[in-house]
>>> print(open('my_file25.pdb').read())   # PDB, C-alpha atoms
MODEL        1
ATOM      1  CA  PHE E1198       0.000   0.000   0.000
ATOM      2  CA  PHE E1199       2.726   2.431   0.990
ATOM      3  CA  HIS E1200       4.782   1.467  -2.087
ATOM      4  CA  THR E1201       1.843   2.217  -4.351
ATOM      5  CA  HIS E1202       1.202   5.415  -2.431
ATOM      6  CA  ASN E1203       4.769   6.600  -2.920
ATOM      7  CA  VAL E1204       4.634   5.837  -6.631
ATOM      8  CA  GLN E1205       1.376   7.684  -7.066
ATOM      9  CA  ARG E1206       2.726  10.757  -5.255
ATOM     10  CA  LYS E1207       5.103  11.358  -8.134
ATOM     11  CA  PHE E1208       2.310  11.506 -10.738
ATOM     12  CA  LEU E1209      -0.734  12.887  -8.824
ATOM     13  CA  ASP E1210      -1.403  16.337  -7.592
ATOM     14  CA  PRO E1211      -2.038  16.880  -3.872
ATOM     15  CA  LYS E1212      -5.836  16.994  -4.230
ATOM     16  CA  GLN E1213      -6.032  13.679  -6.050
ATOM     17  CA  HIS E1214      -3.551  12.215  -3.593
ATOM     18  CA  ARG E1215      -5.800  13.124  -0.658
ATOM     19  CA  LEU E1216      -8.864  11.607  -2.382
ATOM     20  CA  THR E1217      -7.004   8.344  -3.003
ATOM     21  CA  MET E1218      -5.954   8.107   0.646
ATOM     22  CA  LEU E1219      -9.523   8.740   1.830
ATOM     23  CA  ARG E1220     -10.877   6.029  -0.472
ATOM     24  CA  HIS E1221      -8.402   3.472   0.844
ATOM     25  CA  ALA E1222      -9.220   4.401   4.446
ATOM     26  CA  ALA E1223     -12.998   4.204   3.834
ATOM     27  CA  SER E1224     -12.712   0.800   2.185
ATOM     28  CA  SER E1225     -10.631  -0.489   5.119
ATOM     29  CA  VAL E1226     -13.247   0.793   7.600
ATOM     30  CA  VAL E1227     -16.087  -0.840   5.666
ATOM     31  CA  LYS E1228     -14.251  -4.190   5.515
ATOM     32  CA  ARG E1229     -13.550  -4.187   9.277
ATOM     33  CA  ALA E1230     -17.177  -3.244  10.075
ATOM     34  CA  ALA E1231     -18.481  -6.024   7.840
ATOM     35  CA  LEU E1232     -16.176  -8.564   9.466
ATOM     36  CA  ARG E1233     -17.245  -7.507  12.985
ATOM     37  CA  SER E1234     -20.953  -7.598  12.124
ATOM     38  CA  SER E1235     -20.660 -11.019  10.502
ATOM     39  CA  SER E1236     -18.815 -12.442  13.513
ATOM     40  CA  ARG E1237     -21.264 -10.872  15.953
ATOM     41  CA  GLY E1238     -24.785 -11.351  14.536
ATOM     42  CA  ALA E1239     -24.623 -13.356  11.344
ATOM     43  CA  PRO E1240     -27.078 -16.294  11.137
ATOM     44  CA  LEU E1241     -25.870 -19.781  10.666
ATOM     45  CA  CYS E1242     -27.036 -19.738   7.050
ATOM     46  CA  ALA E1243     -24.268 -17.163   6.352
ATOM     47  CA  ALA E1244     -21.654 -19.660   7.444
ATOM     48  CA  PRO E1245     -22.532 -22.960   5.797
ATOM     49  CA  GLY E1246     -19.177 -24.353   6.737
ATOM     50  CA  ASN E1247     -20.348 -24.642  10.340
ATOM     51  CA  MET E1248     -23.140 -27.102   9.421
ATOM     52  CA  SER E1249     -22.138 -30.753   9.312
ATOM     53  CA  PHE E1250     -23.858 -34.000   8.474
ATOM     54  CA  HIS E1251     -22.777 -37.544   9.243
ATOM     55  CA  ALA E1252     -23.212 -40.551   6.982
ATOM     56  CA  SER E1253     -21.659 -43.227   9.168
ATOM     57  CA  ALA E1254     -23.509 -46.244  10.582
ATOM     58  CA  LYS E1255     -23.176 -44.864  14.106
ATOM     59  CA  ARG E1256     -25.879 -42.329  14.968
ATOM     60  CA  GLU E1257     -24.872 -39.303  17.024
ATOM     61  CA  GLU E1258     -27.936 -37.939  18.812
ATOM     62  CA  ASP E1259     -26.212 -34.908  20.346
ATOM     63  CA  THR E1260     -24.215 -32.905  17.806
ATOM     64  CA  ALA E1261     -21.611 -30.482  19.004
ATOM     65  CA  ALA E1262     -22.363 -26.817  18.576
ATOM     66  CA  ALA E1263     -20.567 -24.951  15.799
ATOM     67  CA  THR E1264     -17.387 -23.289  16.938
ATOM     68  CA  LEU E1265     -17.597 -19.516  16.504
ATOM     69  CA  PRO E1266     -14.629 -17.210  16.442
ATOM     70  CA  GLU E1267     -13.844 -15.499  19.684
ATOM     71  CA  GLU E1268     -15.433 -12.100  20.027
ATOM     72  CA  GLY E1269     -13.457  -9.057  20.965
ATOM     73  CA  LYS E1270     -14.590  -6.163  23.038
ATOM     74  CA  GLY E1271     -17.000  -5.078  20.301
ATOM     75  CA  GLY E1272     -18.230  -1.589  19.929
ATOM     76  CA  LEU E1273     -16.753   1.093  17.696
ATOM     77  CA  PHE E1274     -13.545  -0.206  16.084
ATOM     78  CA  GLY E1275     -13.152  -2.752  18.884
ATOM     79  CA  THR E1276     -12.865  -0.091  21.574
ATOM     80  CA  GLY E1277     -16.019  -1.108  23.454
ATOM     81  CA  ILE E1278     -17.732   2.228  22.696
ATOM     82  CA  ASN E1279     -21.297   2.006  21.476
ATOM     83  CA  GLU E1280     -21.466   1.781  17.698
ATOM     84  CA  TRP E1281     -24.190   4.424  17.560
ATOM     85  CA  PHE E1282     -21.475   7.012  18.296
ATOM     86  CA  ALA E1283     -20.153   6.326  14.823
ATOM     87  CA  LEU E1284     -23.143   8.206  13.341
ATOM     88  CA  PRO E1285     -22.348  11.672  14.760
ATOM     89  CA  ILE E1286     -18.637  11.115  14.277
ATOM     90  CA  GLY E1287     -19.201  10.111  10.679
ATOM     91  CA  VAL E1288     -21.457  13.137  10.028
ATOM     92  CA  ALA E1289     -18.971  15.513  11.655
ATOM     93  CA  ALA E1290     -16.137  14.052   9.600
ATOM     94  CA  ALA E1291     -18.080  13.792   6.347
ATOM     95  CA  VAL E1292     -19.097  17.474   6.204
ATOM     96  CA  PRO E1293     -15.540  18.927   6.071
ATOM     97  CA  MET E1294     -14.328  16.045   3.910
ATOM     98  CA  ILE E1295     -17.016  16.722   1.312
ATOM     99  CA  LYS E1296     -16.694  20.514   1.726
ATOM    100  CA  LEU E1297     -12.962  20.498   1.214
ATOM    101  CA  GLU E1298     -13.383  17.861  -1.533
ATOM    102  CA  TRP E1299     -11.221  15.388   0.329
ATOM    103  CA  TYR E1300     -13.842  12.787  -0.604
ATOM    104  CA  VAL E1301     -15.731  13.206  -3.859
ATOM    105  CA  ILE E1302     -19.172  11.564  -4.139
ATOM    106  CA  ASN E1303     -19.192  10.097  -7.637
ATOM    107  CA  GLU E1304     -20.831   7.142  -9.427
ATOM    108  CA  GLU E1305     -18.580   4.652  -7.654
ATOM    109  CA  THR E1306     -19.758   5.949  -4.300
ATOM    110  CA  GLN E1307     -23.403   5.713  -5.358
ATOM    111  CA  LEU E1308     -22.977   2.132  -6.598
ATOM    112  CA  LEU E1309     -21.243   1.244  -3.335
ATOM    113  CA  ALA E1310     -24.078   2.798  -1.319
ATOM    114  CA  VAL E1311     -26.730   0.979  -3.323
ATOM    115  CA  PHE E1312     -24.878  -2.322  -2.990
ATOM    116  CA  LEU E1313     -24.432  -1.856   0.762
ATOM    117  CA  ALA E1314     -28.116  -0.952   1.123
ATOM    118  CA  PHE E1315     -29.066  -4.052  -0.815
ATOM    119  CA  CYS E1316     -26.827  -6.252   1.347
ATOM    120  CA  VAL E1317     -28.158  -4.725   4.573
ATOM    121  CA  THR E1318     -31.769  -5.101   3.400
ATOM    122  CA  VAL E1319     -31.281  -8.748   2.429
ATOM    123  CA  TYR E1320     -29.489  -9.443   5.706
ATOM    124  CA  THR E1321     -32.074  -7.760   7.945
ATOM    125  CA  GLN E1322     -35.249  -8.707   6.057
ATOM    126  CA  GLY E1323     -34.504 -12.072   4.483
ATOM    127  CA  GLY E1324     -31.688 -13.443   6.598
ATOM    128  CA  ASP E1325     -33.979 -15.282   9.009
ATOM    129  CA  ALA E1326     -36.086 -16.714   6.177
ATOM    130  CA  ILE E1327     -33.000 -17.962   4.341
ATOM    131  CA  HIS E1328     -31.630 -19.383   7.582
ATOM    132  CA  LYS E1329     -34.925 -21.141   8.383
ATOM    133  CA  ALA E1330     -35.234 -22.528   4.845
ATOM    134  CA  LEU E1331     -31.725 -23.952   4.902
ATOM    135  CA  GLY E1332     -32.174 -25.161   8.499
ATOM    136  CA  GLN E1333     -35.489 -26.876   7.659
ATOM    137  CA  LYS E1334     -33.912 -28.570   4.663
ATOM    138  CA  ALA E1335     -31.048 -29.714   6.844
ATOM    139  CA  GLU E1336     -33.467 -31.049   9.487
ATOM    140  CA  GLU E1337     -35.437 -32.933   6.823
ATOM    141  CA  LEU E1338     -32.265 -34.489   5.445
ATOM    142  CA  LEU E1339     -31.152 -35.432   8.950
ATOM    143  CA  LYS E1340     -34.593 -36.911   9.733
ATOM    144  CA  GLU E1341     -34.586 -38.987   6.544
ATOM    145  CA  HIS E1342     -31.061 -40.128   7.282
ATOM    146  CA  ASN E1343     -32.025 -41.123  10.847
ATOM    147  CA  GLU E1344     -35.121 -43.000   9.614
ATOM    148  CA  ALA E1345     -33.001 -44.888   7.107
ATOM    149  CA  GLU E1346     -30.545 -45.733   9.889
ATOM    150  CA  ASP E1347     -33.420 -46.881  12.136
ATOM    151  CA  ASN E1348     -34.733 -49.174   9.396
ATOM    152  CA  VAL E1349     -31.281 -50.631   8.845
ATOM    153  CA  ILE E1350     -30.810 -51.138  12.597
ATOM    154  CA  ALA E1351     -34.235 -52.811  12.921
ATOM    155  CA  ALA E1352     -33.459 -55.126  10.006
ATOM    156  CA  LEU E1353     -30.091 -56.033  11.510
ATOM    157  CA  GLU E1354     -31.674 -56.687  14.929
ATOM    158  CA  HIS E1355     -34.309 -58.916  13.309
ATOM    159  CA  LYS E1356     -31.608 -60.801  11.457
ATOM    160  CA  LEU E1357     -29.625 -61.136  14.682
ATOM    161  CA  GLU E1358     -32.652 -62.614  16.478
ATOM    162  CA  PHE E1359     -33.165 -65.061  13.614
ATOM    163  CA  LEU E1360     -29.519 -66.110  13.712
ATOM    164  CA  GLN E1361     -29.575 -66.487  17.496
ATOM    165  CA  ALA E1362     -32.737 -68.608  17.247
ATOM    166  CA  GLY E1363     -31.018 -70.790  14.658
ATOM    167  CA  LYS E1364     -28.035 -71.576  16.886
ATOM    168  CA  ASN E1365     -29.886 -74.478  18.511
ATOM    169  CA  MET E1366     -31.283 -75.796  15.239
ATOM    170  CA  VAL E1367     -28.938 -78.793  15.206
ATOM    171  CA  ASN E1368     -29.860 -79.744  18.766
ATOM    172  CA  ASP E1369     -33.557 -79.365  17.953
ATOM    173  CA  PHE E1370     -33.301 -81.677  14.961
ATOM    174  CA  ASN E1371     -31.331 -84.214  17.011
ATOM    175  CA  ALA E1372     -34.028 -84.168  19.681
ATOM    176  CA  ILE E1373     -36.717 -84.606  17.015
ATOM    177  CA  ASN E1374     -34.878 -87.591  15.537
ATOM    178  CA  GLU E1375     -34.519 -89.164  18.984
ATOM    179  CA  MET E1376     -38.237 -88.680  19.669
ATOM    180  CA  ARG E1377     -39.073 -90.181  16.275
ATOM    181  CA  ALA E1378     -36.897 -93.258  16.909
ATOM    182  CA  GLU E1379     -38.417 -93.706  20.376
ATOM    183  CA  THR E1380     -41.927 -93.366  18.953
ATOM    184  CA  TYR E1381     -41.235 -95.952  16.257
ATOM    185  CA  THR E1382     -39.896 -98.352  18.889
ATOM    186  CA  LYS E1383     -43.046 -97.948  20.973
ATOM    187  CA  LEU E1384     -45.235 -98.350  17.915
ATOM    188  CA  ASN E1385     -43.442-101.546  16.943
ATOM    189  CA  ALA E1386     -43.861-102.918  20.457
ATOM    190  CA  ALA E1387     -47.527-101.959  20.435
ATOM    191  CA  GLY E1388     -47.918-103.404  16.948
ATOM    192  CA  ALA E1389     -46.719-106.785  18.139
ATOM    193  CA  ILE E1390     -49.331-106.859  20.915
ATOM    194  CA  LYS E1391     -52.210-105.159  19.127
ATOM    195  CA  PRO E1392     -53.205-108.185  16.959
ATOM    196  CA  GLN E1393     -53.509-110.270  20.116
ATOM    197  CA  HIS E1394     -55.785-107.703  21.710
ATOM    198  CA  ASP E1395     -57.809-107.481  18.493
ATOM    199  CA  PHE E1396     -58.112-111.274  18.338
ATOM    200  CA  LYS E1397     -59.217-111.415  21.968
ATOM    201  CA  ALA E1398     -61.832-108.697  21.350
ATOM    202  CA  GLN E1399     -63.094-110.554  18.271
ATOM    203  CA  VAL E1400     -63.396-113.856  20.153
ATOM    204  CA  GLU E1401     -65.234-112.166  23.022
ATOM    205  CA  LYS E1402     -67.613-110.501  20.596
ATOM    206  CA  MET E1403     -68.240-113.812  18.812
ATOM    207  CA  LEU E1404     -68.902-115.643  22.084
ATOM    208  CA  ASN E1405     -71.337-112.969  23.182
ATOM    209  CA  MET E1406     -73.087-113.258  19.842
ATOM    210  CA  ILE E1407     -73.351-117.056  20.133
ATOM    211  CA  ALA E1408     -74.653-116.776  23.701
ATOM    212  CA  ALA E1409     -77.257-114.233  22.639
ATOM    213  CA  GLU E1410     -78.321-116.428  19.706
ATOM    214  CA  GLU E1411     -78.590-119.511  21.937
ATOM    215  CA  ALA E1412     -80.623-117.553  24.481
ATOM    216  CA  SER E1413     -82.938-116.395  21.722
ATOM    217  CA  VAL E1414     -83.385-119.958  20.360
ATOM    218  CA  THR E1415     -83.984-121.292  23.878
ATOM    219  CA  GLU E1416     -86.592-118.651  24.552
ATOM    220  CA  LYS E1417     -88.340-119.415  21.281
ATOM    221  CA  THR E1418     -88.290-123.158  22.071
ATOM    222  CA  LYS E1419     -89.788-122.515  25.511
ATOM    223  CA  MET E1420     -92.531-120.392  24.033
ATOM    224  CA  ASN E1421     -93.313-123.055  21.452
ATOM    225  CA  LEU E1422     -93.372-125.830  24.092
ATOM    226  CA  MET E1423     -95.646-123.793  26.365
ATOM    227  CA  SER E1424     -97.986-123.054  23.499
ATOM    228  CA  GLU E1425     -98.046-126.700  22.479
ATOM    229  CA  ALA E1426     -98.506-127.884  26.098
ATOM    230  CA  THR E1427    -101.346-125.431  26.689
ATOM    231  CA  ALA E1428    -103.112-126.499  23.520
ATOM    232  CA  SER E1429    -102.662-130.209  24.370
ATOM    233  CA  VAL E1430    -103.939-129.854  27.978
ATOM    234  CA  MET E1431    -106.923-127.779  26.909
ATOM    235  CA  GLU E1432    -107.791-130.296  24.245
ATOM    236  CA  LYS E1433    -107.522-133.164  26.746
ATOM    237  CA  PHE E1434    -109.690-131.436  29.390
ATOM    238  CA  SER E1435    -112.288-130.338  26.848
ATOM    239  CA  SER E1436    -112.761-133.927  25.569
ATOM    240  CA  ASP E1437    -112.675-135.814  28.938
ATOM    241  CA  LYS E1438    -115.527-135.085  31.396
ATOM    242  CA  ALA E1439    -113.813-136.908  34.268
ATOM    243  CA  LEU E1440    -110.847-134.557  34.021
ATOM    244  CA  LYS E1441    -113.174-131.588  33.998
ATOM    245  CA  LYS E1442    -114.920-132.840  37.183
ATOM    246  CA  ALA E1443    -111.586-133.512  38.870
ATOM    247  CA  ALA E1444    -110.298-130.047  37.984
ATOM    248  CA  LEU E1445    -113.483-128.460  39.278
ATOM    249  CA  ASP E1446    -113.345-130.409  42.576
ATOM    250  CA  SER E1447    -109.678-129.455  43.042
ATOM    251  CA  ALA E1448    -110.467-125.811  42.514
ATOM    252  CA  ILE E1449    -113.365-125.846  44.993
ATOM    253  CA  ALA E1450    -111.231-127.628  47.592
ATOM    254  CA  SER E1451    -108.475-125.031  47.155
ATOM    255  CA  ILE E1452    -110.943-122.208  47.661
ATOM    256  CA  LYS E1453    -112.415-123.881  50.820
ATOM    257  CA  GLY E1454    -108.942-124.572  52.124
ATOM    258  CA  GLY E1455    -109.440-128.247  52.333
ATOM    259  CA  LYS E1456    -107.082-130.968  51.244
ATOM    260  CA  SER E1457    -107.320-132.315  47.739
ATOM    261  CA  GLY E1458    -105.784-135.280  46.068
ATOM    262  CA  GLY E1459    -103.709-133.038  43.698
ATOM    263  CA  ASP E1460    -104.093-130.541  40.883
ATOM    264  CA  PRO E1461    -105.141-132.413  37.711
ATOM    265  CA  VAL E1462    -104.120-129.458  35.486
ATOM    266  CA  GLN E1463    -100.574-129.393  36.870
ATOM    267  CA  ALA E1464    -100.367-133.131  36.553
ATOM    268  CA  ALA E1465    -101.483-132.866  32.919
ATOM    269  CA  PHE E1466     -98.712-130.316  32.144
ATOM    270  CA  VAL E1467     -96.079-132.399  33.900
ATOM    271  CA  GLN E1468     -97.169-135.484  32.029
ATOM    272  CA  PHE E1469     -97.022-133.597  28.706
ATOM    273  CA  PHE E1470     -93.405-132.468  29.298
ATOM    274  CA  LYS E1471     -92.433-136.014  30.346
ATOM    275  CA  ASP E1472     -93.932-137.436  27.210
ATOM    276  CA  LYS E1473     -92.237-134.711  25.126
ATOM    277  CA  SER E1474     -88.868-135.440  26.682
ATOM    278  CA  ALA E1475     -89.197-139.160  26.114
ATOM    279  CA  GLU E1476     -90.265-138.539  22.544
ATOM    280  CA  ALA E1477     -87.229-136.289  21.910
ATOM    281  CA  LYS E1478     -84.864-138.915  23.317
ATOM    282  CA  ALA E1479     -86.392-141.660  21.252
ATOM    283  CA  SER E1480     -86.453-139.575  18.055
ATOM    284  CA  LYS E1481     -83.361-139.577  15.789
ATOM    285  CA  ASP E1482     -84.460-136.591  13.649
ATOM    286  CA  ASP E1483     -81.936-133.704  14.175
ATOM    287  CA  SER E1484     -82.919-131.651  11.127
ATOM    288  CA  GLU E1485     -84.166-128.797  13.294
ATOM    289  CA  GLU E1486     -80.896-128.589  15.208
ATOM    290  CA  LYS E1487     -78.902-128.622  11.980
ATOM    291  CA  ALA E1488     -81.044-125.857  10.524
ATOM    292  CA  GLN E1489     -80.535-123.726  13.644
ATOM    293  CA  ARG E1490     -76.789-124.358  13.600
ATOM    294  CA  GLU E1491     -76.471-123.485   9.907
ATOM    295  CA  ALA E1492     -78.412-120.278  10.419
ATOM    296  CA  MET E1493     -76.191-119.316  13.375
ATOM    297  CA  ILE E1494     -72.963-120.120  11.448
ATOM    298  CA  ALA E1495     -74.117-118.083   8.448
ATOM    299  CA  LYS E1496     -74.902-115.117  10.670
ATOM    300  CA  ILE E1497     -71.558-115.333  12.520
ATOM    301  CA  ASN E1498     -69.532-115.622   9.310
ATOM    302  CA  SER E1499     -71.360-112.615   7.841
ATOM    303  CA  VAL E1500     -70.437-110.501  10.868
ATOM    304  CA  ALA E1501     -66.816-111.768  10.829
ATOM    305  CA  LYS E1502     -66.436-110.906   7.147
ATOM    306  CA  ASN E1503     -67.949-107.438   7.466
ATOM    307  CA  GLU E1504     -65.792-106.501  10.473
ATOM    308  CA  GLY E1505     -62.579-108.146   9.212
ATOM    309  CA  PHE E1506     -62.163-110.862  11.862
ATOM    310  CA  PHE E1507     -59.081-113.063  11.847
ATOM    311  CA  PHE E1508     -61.153-116.276  11.746
ATOM    312  CA  GLU E1509     -64.390-117.810  10.447
ATOM    313  CA  PHE E1510     -66.430-120.972  10.994
ATOM    314  CA  ASP E1511     -66.808-123.907   8.634
ATOM    315  CA  ALA E1512     -69.999-125.898   8.023
ATOM    316  CA  GLN E1513     -69.323-128.073  11.060
ATOM    317  CA  GLY E1514     -68.990-125.017  13.330
ATOM    318  CA  LYS E1515     -65.191-125.256  13.772
ATOM    319  CA  PRO E1516     -63.229-121.965  13.696
ATOM    320  CA  SER E1517     -60.331-121.513  11.258
ATOM    321  CA  MET E1518     -57.885-118.591  10.731
ATOM    322  CA  VAL E1519     -58.414-116.557   7.595
TER     323      VAL E1519
ENDMDL
END
>>> encode(input="my_file25.pdb", output="structure tokens")
Amino acid sequence: FFHTHNVQRKFLDPKQHRLTMLRHAASSVVKRAALRSSSRGAPLCAAPGNMSFHASAKREEDTAAATLPEEGKGGLFGTGINEWFALPIGVAAAVPMIKLEWYVINEETQLLAVFLAFCVTVYTQGGDAIHKALGQKAEELLKEHNEAEDNVIAALEHKLEFLQAGKNMVNDFNAINEMRAETYTKLNAAGAIKPQHDFKAQVEKMLNMIAAEEASVTEKTKMNLMSEATASVMEKFSSDKALKKAALDSAIASIKGGKSGGDPVQAAFVQFFKDKSAEAKASKDDSEEKAQREAMIAKINSVAKNEGFFFEFDAQGKPSMV
């Protein structure tokens, strides 16, 4: 600066030399004022270098505050005096400077004033809006980044749980195989005994069926014998008057409570059964018994075939394994 100043002194007149010195001094003052104002009240949007984002897998919830340059005493030219005193000082200094033409107000000065007014207007009126817009965008980016990290962390935790659950997979399959082998052993042991139980149940069912069939045939035979005996006794008493008189006398004696020589009706029934028994012993006709046996065998074999029994009966009534 001083070298240039010395060179210019040789070619400029004193008036122009003074104007050049004032211009250099004014530009230095403006630069220092701009630097102090930016370090003192500038929003974060004016210093984008202080904003930082992280893209690592580790998420930092608490970010460190941006480091700001250390402030001096502040005030007018760093002296601590209130900056508003610069207004009367500047007016008092500007009047003689302009009057004595130490500082000439030309087109450069007007452009500088307009530019400074524009910068001050943008800073005071739109600085907060610009700061909020950039800050909101930064918050949205950080939120999206955190959500993406949360999704990745959740997926990794789910995968970790799946892998931890699969650590005992080999032991689980070994236990399943052991249970399967044990179950097959028990089933084989039960399978060896089950046919015996089934055969026993089939024999018991067959015996119960035979007993029920015999009881039914016996009951039918009794009913037929009683019907035949009743018909025979009634026929005998209806045709023989002596028997009628004897039966009547026995009934009257029973009513009076006297003693009688016996009940002729009872004696007739007893005699009928004795004659029937003797006739059956003397008779060699067993066609009825054979017919009953064949009917019973046919019925038993039908049941055995339908229910899958292990045996059946032949024509003689002997069981044989199927």
>>> atom_distance(input="my_file25.pdb", atom1="atom CA of E:Met1366", atom2="atom CA of E:Asn1348")
27.5 Å
>>> residues_around(input="my_file25.pdb", residues="E:Ile1494", least_positions_apart="6", cutoff="9 Å", atoms="only C-alpha atoms", output="list in words")
Glu1509, Phe1510, Asp1511, Ala1512, Gln1513 and Gly1514 of chain E
>>> atom_distance(input="my_file25.pdb", atom1="atom CA of E:Gln1393", atom2="atom CA of E:Phe1507")
10.4 Å
>>> atom_distance(input="my_file25.pdb", atom1="atom CA of E:Glu1486", atom2="atom CA of E:Lys1402")
23.1 Å
>>> closest_residue(input="my_file25.pdb", among="E:Ala1398, E:Ala1310, E:Ala1335, E:Ile1497", to="E:Lys1515", atoms="all atoms listed in the file")
E:Ile1497
>>> residues_around(input="my_file25.pdb", residues="stretch 1472-1483 of chain E", least_positions_apart="3", cutoff="12 Å", atoms="all atoms listed in the file", output="list in words")
Leu1422, Met1423, Glu1425, Ala1426, Ser1429, Ala1465, Phe1466, Val1467, Gln1468, Phe1469, Glu1486, Lys1487, Ala1488, Gln1489 and Arg1490 of chain E
>>> closest_residue(input="my_file25.pdb", among="E:Met1493, E:Ala1330, E:Val1367, E:Val1462", to="E:Ile1407", atoms="all atoms listed in the file")
E:Met1493
>>> axis_aligned_box(input="my_file25.pdb", around="stretch 1313-1321 of chain E", padding_each_side="4 Å", output="AutoDock Vina command-line options")
--center_x -28.3 --center_y -5.2 --center_z 3.6 --size_x 15.6 --size_y 16.5 --size_z 16.8
>>> residues_around(input="my_file25.pdb", residues="E:Asp1460", least_positions_apart="6", cutoff="12 Å", atoms="all atoms listed in the file", output="list in words")
Leu1440, Lys1441, Lys1442, Ala1443, Ala1444, Leu1445, Asp1446, Ser1447, Ala1448, Ile1449, Ala1450, Ser1451, Phe1466 and Val1467 of chain E
